[in-house]
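These notes concern the structure reproduced below.
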Amino acid sequence: MRRFDDEDLTGAEFRECDLSRARMVGVVMQGAEIDGLVTDLVVNGVEVMSYVEAELDRRHPVRLLIRSDQPDDLREAWRRLREDWARTTERVRSMPEDSEHHGVDDEWSMVETLRHLVFVHDSWFRRCVLGLTEPFTAMGLGPPSVMAQEENGLDPSAQPSLNEVLAVRVRQASKIESWLDQVTPDQLAQTAPVPDDDRWPPYAKGRTVRQCLGAVLNEEWAHHGFCRRDLDKLSRQDPS
C-alpha cells in the first residue's frame, strides 16, 4: 500500500489506475473530476453512487433499456444509440476541418473513438456473442498490449478517414440489427460461445450472451458521452 501524507497533488492526473479501497482522509477536493468504473463510493459517510446512478438514468433513459433483458428493449436501445452517433457525426461535419481528428486533454479524437468501437464490436459481439474467430478489423483500436500482437490483425499505423470508419461501422451495425431482430430471451441467457483461444477479451469466458452484448451497448453509450464532451471543449476553444 502506498501512502501519501501532507502532499500537494493539485492538478494530478491518474489515468488507468486501480484505486480500489483507496482512503482519502482530511483531503481538500475542489473542482475534482472522477470518470471510470466507480462503485461503493463513500463521501463524508454517505454512499453516493446510488444517487449518481439515478441521476445518470434520469439524464440518459437509454441506460434503462441497455440494462434490460428483453429483446424489444435492447433493440430500442441500439436504435437510440445509433441515432445519437448520427447526430454527433452531423455535428462534427459542421465544425472546422479535421475536428474529427483532434483530441483534447490527451483523450481520443472522434475518429479514434469510433475505431475503438470497431474493435469493441469485433471482440465483444463478433467473437463473444457469435463465437467467430476472424482477425480483428485492421483499423480497430484496442489496448496497447492487443495492438502490439501482430496475429490479431490490427494495424497500429492505420490512419483512416471519418468516412472510412463510418463505412465499417454501418456494416457492423447491420449485423447487430439483424441479430437483435431474431434473438430471444432464452438465447440471451445462454453462456456466450467465446472461442477457446487467448485473444481479447480474456475475461469474457463464462459470461452470458446478454452480458457480452451489454459490453457493446455500454461502450457505445459511454464513448459517445466522451466524444460529445470533447467536441464541446473543441467548440469552446479560441480558433486563433
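The chains in the C-alpha cells are called A, B, ... from first to last as shown; in each chain the residues are counted from 1, and the ligands are counted from 1 in the order shown.
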
Item to check | Shell around Pro195 of chain A at 10 Å using only C-alpha atoms, local window under 6 positions removed, as a VMD selection string | outcome: chain A and resid 127 to 133 204 to 205

Next on the checklist: Show me, as a VMD selection string, the residues that have an atom within 7 Å of Val209 of chain A when counting only C-alpha atoms, minus same-chain residues fewer than 5 positions from it.
Outcome noted: chain A and resid 129 188 to 192

Checklist entry - Got a sec: who's within 9 Å of Leu180 of chain A, counting only C-alpha atoms, leaving out chain neighbours fewer than 6 positions off, as number ranges by chain? => result A: 71-72, 74-75

Selected residues written out with N, CA and C atoms, as a CSV table (one decimal), in the first residue's frame:
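Saved as selection-v6.csv:
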```csv
chain,number,residue,atom,x,y,z
A,71,PRO,N,-35.6,-8.5,-25.4
A,71,PRO,CA,-35.1,-8.1,-26.8
A,71,PRO,C,-35.6,-6.8,-27.3
A,72,ASP,N,-36.9,-6.5,-27.1
A,72,ASP,CA,-37.5,-5.3,-27.6
A,72,ASP,C,-36.8,-4.1,-27.0
A,74,LEU,N,-33.7,-4.0,-25.9
A,74,LEU,CA,-32.4,-3.9,-26.4
A,74,LEU,C,-32.3,-3.4,-27.8
A,75,ARG,N,-33.4,-3.8,-28.6
A,75,ARG,CA,-33.5,-3.2,-30.0
A,75,ARG,C,-33.7,-1.7,-29.9
```

Item to check | Among listed residues A:Met95, A:Met147, A:Val43, A:Val168, nearest Val27 of chain A (using only C-alpha atoms) | outcome: A:Val43

Checklist entry - Separation of atom CA of Leu231 of chain A and atom CA of Leu162 of chain A, in Å? => result 14.7 Å

Item to check | DSSP strand (DSSP E) selection over segment 10-199 of chain A, as a list of chain:residue names | outcome: A:Val42, A:Val43, A:Val46, A:Glu47

Next on the checklist: Calculated over only C-alpha atoms, which of the candidates A:Val62, A:Ile34, A:Ile176, A:Val28 has the smallest distance to Leu213 of chain A?
Outcome noted: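 Under the stated criterion, the closest residue is A:Ile176.
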
Contacts of Pro135 of chain A within 9 Å, only C-alpha atoms, excl. fewer than 5 positions in-chain, as a PDB file with N, CA, C and O atoms, in the first residue's frame:
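For reference, out_8.pdb as written:
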```
ATOM      1  N   ASP A 122     -15.847  -6.129 -32.818  1.00  0.00           N
ATOM      2  CA  ASP A 122     -15.143  -7.356 -33.205  1.00  0.00           C
ATOM      3  C   ASP A 122     -14.927  -8.278 -32.008  1.00  0.00           C
ATOM      4  O   ASP A 122     -15.053  -9.511 -32.130  1.00  0.00           O
ATOM      5  N   GLU A 151      -0.635 -11.074 -34.660  1.00  0.00           N
ATOM      6  CA  GLU A 151      -1.597 -12.101 -35.038  1.00  0.00           C
ATOM      7  C   GLU A 151      -3.042 -11.643 -34.902  1.00  0.00           C
ATOM      8  O   GLU A 151      -3.965 -12.284 -35.430  1.00  0.00           O
ATOM      9  N   ASN A 152      -3.270 -10.535 -34.201  1.00  0.00           N
ATOM     10  CA  ASN A 152      -4.628 -10.032 -34.044  1.00  0.00           C
ATOM     11  C   ASN A 152      -5.146  -9.336 -35.295  1.00  0.00           C
ATOM     12  O   ASN A 152      -6.350  -9.098 -35.431  1.00  0.00           O
ATOM     13  N   GLY A 153      -4.241  -8.965 -36.205  1.00  0.00           N
ATOM     14  CA  GLY A 153      -4.659  -8.333 -37.453  1.00  0.00           C
ATOM     15  C   GLY A 153      -4.850  -6.839 -37.368  1.00  0.00           C
ATOM     16  O   GLY A 153      -5.267  -6.213 -38.351  1.00  0.00           O
ATOM     17  N   LEU A 154      -4.582  -6.243 -36.211  1.00  0.00           N
ATOM     18  CA  LEU A 154      -4.739  -4.797 -36.058  1.00  0.00           C
ATOM     19  C   LEU A 154      -3.541  -4.052 -36.623  1.00  0.00           C
ATOM     20  O   LEU A 154      -2.405  -4.534 -36.548  1.00  0.00           O
TER      21      LEU A 154
END
```

Checklist entry - Counting only C-alpha atoms, what is within 10 Å of segment 2-15 of chain A, bar same-chain residues fewer than 3 positions away, as a list of chain:residue names? => result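 My list of contacting residues is A:Asp18, A:Leu19, A:Ala22, A:Arg23, A:Met24, A:Val25, A:Gly26, A:Val27, A:Val28, A:Met29, A:Gln30, A:Gly31, A:Ala32, A:Glu33, A:Ile34, A:Asp35, A:Gly36.
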
Keeping only N, CA, C and O atoms, write those residues as a compact mmCIF listing (two decimals), in the first residue's frame.
```txt
# COMPACT_ATOMS: atom_id res chain seq x y z
N ASP A 18 -5.80 1.70 -10.72
CA ASP A 18 -6.71 0.97 -9.84
C ASP A 18 -6.66 1.61 -8.46
O ASP A 18 -5.66 1.51 -7.76
N LEU A 19 -7.74 2.29 -8.07
CA LEU A 19 -7.81 2.97 -6.78
C LEU A 19 -8.78 2.25 -5.84
O LEU A 19 -9.29 2.86 -4.89
N ALA A 22 -9.11 2.67 -1.89
CA ALA A 22 -8.34 3.87 -1.50
C ALA A 22 -9.11 4.64 -0.44
O ALA A 22 -10.34 4.70 -0.45
N ARG A 23 -8.39 5.23 0.51
CA ARG A 23 -8.99 6.06 1.55
C ARG A 23 -8.39 7.46 1.45
O ARG A 23 -7.17 7.62 1.36
N MET A 24 -9.25 8.46 1.46
CA MET A 24 -8.80 9.85 1.42
C MET A 24 -9.33 10.52 2.68
O MET A 24 -10.54 10.70 2.82
N VAL A 25 -8.46 10.86 3.59
CA VAL A 25 -8.85 11.37 4.90
C VAL A 25 -8.36 12.80 5.07
O VAL A 25 -7.18 13.10 4.87
N GLY A 26 -9.27 13.70 5.42
CA GLY A 26 -8.89 15.09 5.63
C GLY A 26 -8.41 15.79 4.38
O GLY A 26 -7.61 16.71 4.45
N VAL A 27 -8.93 15.36 3.22
CA VAL A 27 -8.44 15.92 1.96
C VAL A 27 -9.24 17.16 1.58
O VAL A 27 -10.35 17.37 2.05
N VAL A 28 -8.64 17.96 0.74
CA VAL A 28 -9.34 19.06 0.08
C VAL A 28 -9.52 18.67 -1.37
O VAL A 28 -8.55 18.40 -2.07
N MET A 29 -10.76 18.59 -1.83
CA MET A 29 -11.04 18.16 -3.20
C MET A 29 -12.07 19.10 -3.79
O MET A 29 -13.27 18.91 -3.65
N GLN A 30 -11.59 20.13 -4.45
CA GLN A 30 -12.47 21.13 -5.07
C GLN A 30 -12.24 21.13 -6.57
O GLN A 30 -11.11 21.18 -7.04
N GLY A 31 -13.33 21.06 -7.33
CA GLY A 31 -13.21 21.06 -8.79
C GLY A 31 -12.63 19.77 -9.33
O GLY A 31 -12.12 19.75 -10.45
N ALA A 32 -12.68 18.69 -8.54
CA ALA A 32 -12.13 17.41 -8.99
C ALA A 32 -13.11 16.71 -9.92
O ALA A 32 -14.32 16.98 -9.90
N GLU A 33 -12.60 15.81 -10.74
CA GLU A 33 -13.42 15.06 -11.68
C GLU A 33 -13.04 13.60 -11.61
O GLU A 33 -11.86 13.26 -11.69
N ILE A 34 -14.02 12.72 -11.43
CA ILE A 34 -13.80 11.28 -11.39
C ILE A 34 -14.59 10.65 -12.53
O ILE A 34 -15.79 10.85 -12.64
N ASP A 35 -13.91 9.88 -13.35
CA ASP A 35 -14.56 9.26 -14.50
C ASP A 35 -14.05 7.83 -14.61
O ASP A 35 -12.86 7.62 -14.83
N GLY A 36 -14.93 6.86 -14.42
CA GLY A 36 -14.48 5.48 -14.51
C GLY A 36 -15.50 4.53 -13.91
O GLY A 36 -16.65 4.88 -13.67
```
